[in-house]
Amino acid sequence: MTQYVTTSVDQLVNAYSGILLGLVQPYLFPALVAGLVMAGMLWLFDLPQRAMRALWGTLIAYAAITWLLRYYDNPMPLVGIPFSQIFRMEGRFLSAKIDISVLNVFLSKVSALFAGGAKPNPLNIFETVAYYLTLTSMALPEIALFAETSFAIIALGIGALLGPLFLAAYVFPFGWAKQLFWSWFHAMVKYGFYRVFASALVFIWATAEMNFLTALFGGNYSLSAFTASLLGLIVFNVACLILCLRLPRLVADFTSGTAHAGGGLVGPVAGFAIGRML
């Protein structure tokens, strides 16, 4: 499903990324001159070490950014893809290494559950609600994963369109300008990992769900079987849905060295449960 979103974003980026390239390229040489002037001022104030660091940093930054902008929308040598697409392509490559074919097996079991079994009696309100509530709880995690992956692809497209601005900012000899570049770079890396984490979530969720259905129903995919196990199915799928919705925090945890994706979750859920019991 995300293939259509990816193709559309790629076409958009390839068609319009050159607009900002033409906008920032005239500012590269003034940025180089500003860096050389700053290095010269540091040398005049008898700070030779800082002056040399500023000089070499400016020259290396100018050479690297000029090379990246040159191949921003053209295939890079030896790599074969433009720099603007490298984050998305790496995310696709890594996500392809995770085998999610188990999802097909799980979907076949879901089809057997809802197509092979008996349909609810419209006059039986409990059976009708149970049937569609279970069907919805199984579909929500898939919808959430699709939404998260599509959001990441669109975010990568926006970052690719605005990338020349952040690349050009790195040439200027100011700390805030270089921070703009590194903020853009970190954001692109994180959004590139969204697809990888989504594939991992699909693999774990589909495998666990398939084993859960097999152990729970034992091949008896009938209306009475899943109606009796309605609570377990809903709780399990709601847990998967919550994990899917917290995918951005999960990616941030793994890329920043923290572990807060599950924070603030157990307390409110436990408090709600205890409150309902009392």
# chains A, B, ... in the order shown; residues from 1 in each chain; ligands from 1
call {"tool": "residues_around", "arguments": {"residues": "Leu162 (chain A)", "least_positions_apart": "3", "cutoff": "12 Å", "atoms": "only C-alpha atoms", "output": "list in words"}}
result
Val13, Tyr16, Ser17, Gly18, Ile19, Leu20, Leu21, Leu23, Val24, Tyr72, Ser84, Ala155, Leu156, Gly157, Ile158, Gly159, Leu165, Phe166, Leu167, Ala168, Ala169, Leu180, Phe181, Trp184, Phe185 and Met188 of chain A
call {"tool": "closest_residue", "arguments": {"among": "A:Thr207, A:Thr149, A:Gln179, A:Gln11", "to": "Cys244 (chain A)", "atoms": "only C-alpha atoms"}}
result
A:Thr149
call {"tool": "residues_around", "arguments": {"residues": "region 192-203 of chain A", "least_positions_apart": "4", "cutoff": "7 Å", "atoms": "only C-alpha atoms", "output": "list in words"}}
result
Phe87, Arg88, Gly91, Arg92, Leu94, Ser95, Ile98, Ile100, Val102, Leu145, Thr149, Ala152, Met188, Thr207 and Val251 of chain A
call {"tool": "closest_residue", "arguments": {"among": "A:Trp182, A:Ser8, A:Val238, A:Gly22", "to": "Trp205 (chain A)", "atoms": "only C-alpha atoms"}}
result
A:Val238
call {"tool": "residues_around", "arguments": {"residues": "Met38 (chain A)", "least_positions_apart": "2", "cutoff": "9 Å", "atoms": "only C-alpha atoms", "output": "list in words"}}
result
Val33, Ala34, Gly35, Leu36, Gly40, Met41, Leu42, Trp43, Ala51, Ala54, Leu55 and Pro173 of chain A
call {"tool": "write_last_selection", "arguments": {"atoms": "N, CA and C atoms", "output": "PDB file, in the first residue's frame"}}
result
ATOM      1  N   VAL A  33      33.955  32.749   1.798  1.00  0.00           N
ATOM      2  CA  VAL A  33      34.700  33.974   2.096  1.00  0.00           C
ATOM      3  C   VAL A  33      34.528  34.359   3.560  1.00  0.00           C
ATOM      4  N   ALA A  34      33.308  34.222   4.100  1.00  0.00           N
ATOM      5  CA  ALA A  34      33.073  34.559   5.501  1.00  0.00           C
ATOM      6  C   ALA A  34      33.897  33.660   6.418  1.00  0.00           C
ATOM      7  N   GLY A  35      34.003  32.374   6.082  1.00  0.00           N
ATOM      8  CA  GLY A  35      34.809  31.471   6.891  1.00  0.00           C
ATOM      9  C   GLY A  35      36.286  31.811   6.832  1.00  0.00           C
ATOM     10  N   LEU A  36      36.776  32.169   5.651  1.00  0.00           N
ATOM     11  CA  LEU A  36      38.187  32.541   5.519  1.00  0.00           C
ATOM     12  C   LEU A  36      38.482  33.837   6.270  1.00  0.00           C
ATOM     13  N   GLY A  40      41.069  34.365   9.339  1.00  0.00           N
ATOM     14  CA  GLY A  40      42.086  35.409   9.347  1.00  0.00           C
ATOM     15  C   GLY A  40      41.998  36.286  10.580  1.00  0.00           C
ATOM     16  N   MET A  41      40.797  36.598  11.045  1.00  0.00           N
ATOM     17  CA  MET A  41      40.638  37.405  12.251  1.00  0.00           C
ATOM     18  C   MET A  41      41.176  36.677  13.477  1.00  0.00           C
ATOM     19  N   LEU A  42      40.945  35.378  13.546  1.00  0.00           N
ATOM     20  CA  LEU A  42      41.485  34.612  14.658  1.00  0.00           C
ATOM     21  C   LEU A  42      43.008  34.597  14.631  1.00  0.00           C
ATOM     22  N   TRP A  43      43.586  34.547  13.440  1.00  0.00           N
ATOM     23  CA  TRP A  43      45.052  34.575  13.331  1.00  0.00           C
ATOM     24  C   TRP A  43      45.599  35.934  13.772  1.00  0.00           C
ATOM     25  N   ALA A  51      42.485  29.438  14.510  1.00  0.00           N
ATOM     26  CA  ALA A  51      42.467  29.933  13.140  1.00  0.00           C
ATOM     27  C   ALA A  51      42.645  28.787  12.141  1.00  0.00           C
ATOM     28  N   ALA A  54      39.488  26.691  12.055  1.00  0.00           N
ATOM     29  CA  ALA A  54      38.446  27.383  11.299  1.00  0.00           C
ATOM     30  C   ALA A  54      38.740  27.338   9.806  1.00  0.00           C
ATOM     31  N   LEU A  55      40.025  27.485   9.434  1.00  0.00           N
ATOM     32  CA  LEU A  55      40.397  27.468   8.025  1.00  0.00           C
ATOM     33  C   LEU A  55      40.118  26.115   7.389  1.00  0.00           C
ATOM     34  N   PRO A 173      30.272  29.805   8.853  1.00  0.00           N
ATOM     35  CA  PRO A 173      31.087  29.549  10.054  1.00  0.00           C
ATOM     36  C   PRO A 173      30.390  29.967  11.347  1.00  0.00           C
TER      37      PRO A 173
END
call {"tool": "closest_residue", "arguments": {"among": "A:Ile143, A:Leu245, A:Leu28, A:Val189", "to": "Ala64 (chain A)", "atoms": "only C-alpha atoms"}}
result
A:Leu28
call {"tool": "closest_residue", "arguments": {"among": "A:Ile60, A:Met210, A:Ala160, A:Ala144", "to": "Pro82 (chain A)", "atoms": "only C-alpha atoms"}}
result
A:Ala160
call {"tool": "atom_distance", "arguments": {"atom1": "CA of Gly57 (chain A)", "atom2": "CA of Phe83 (chain A)"}}
result
21.7 Å
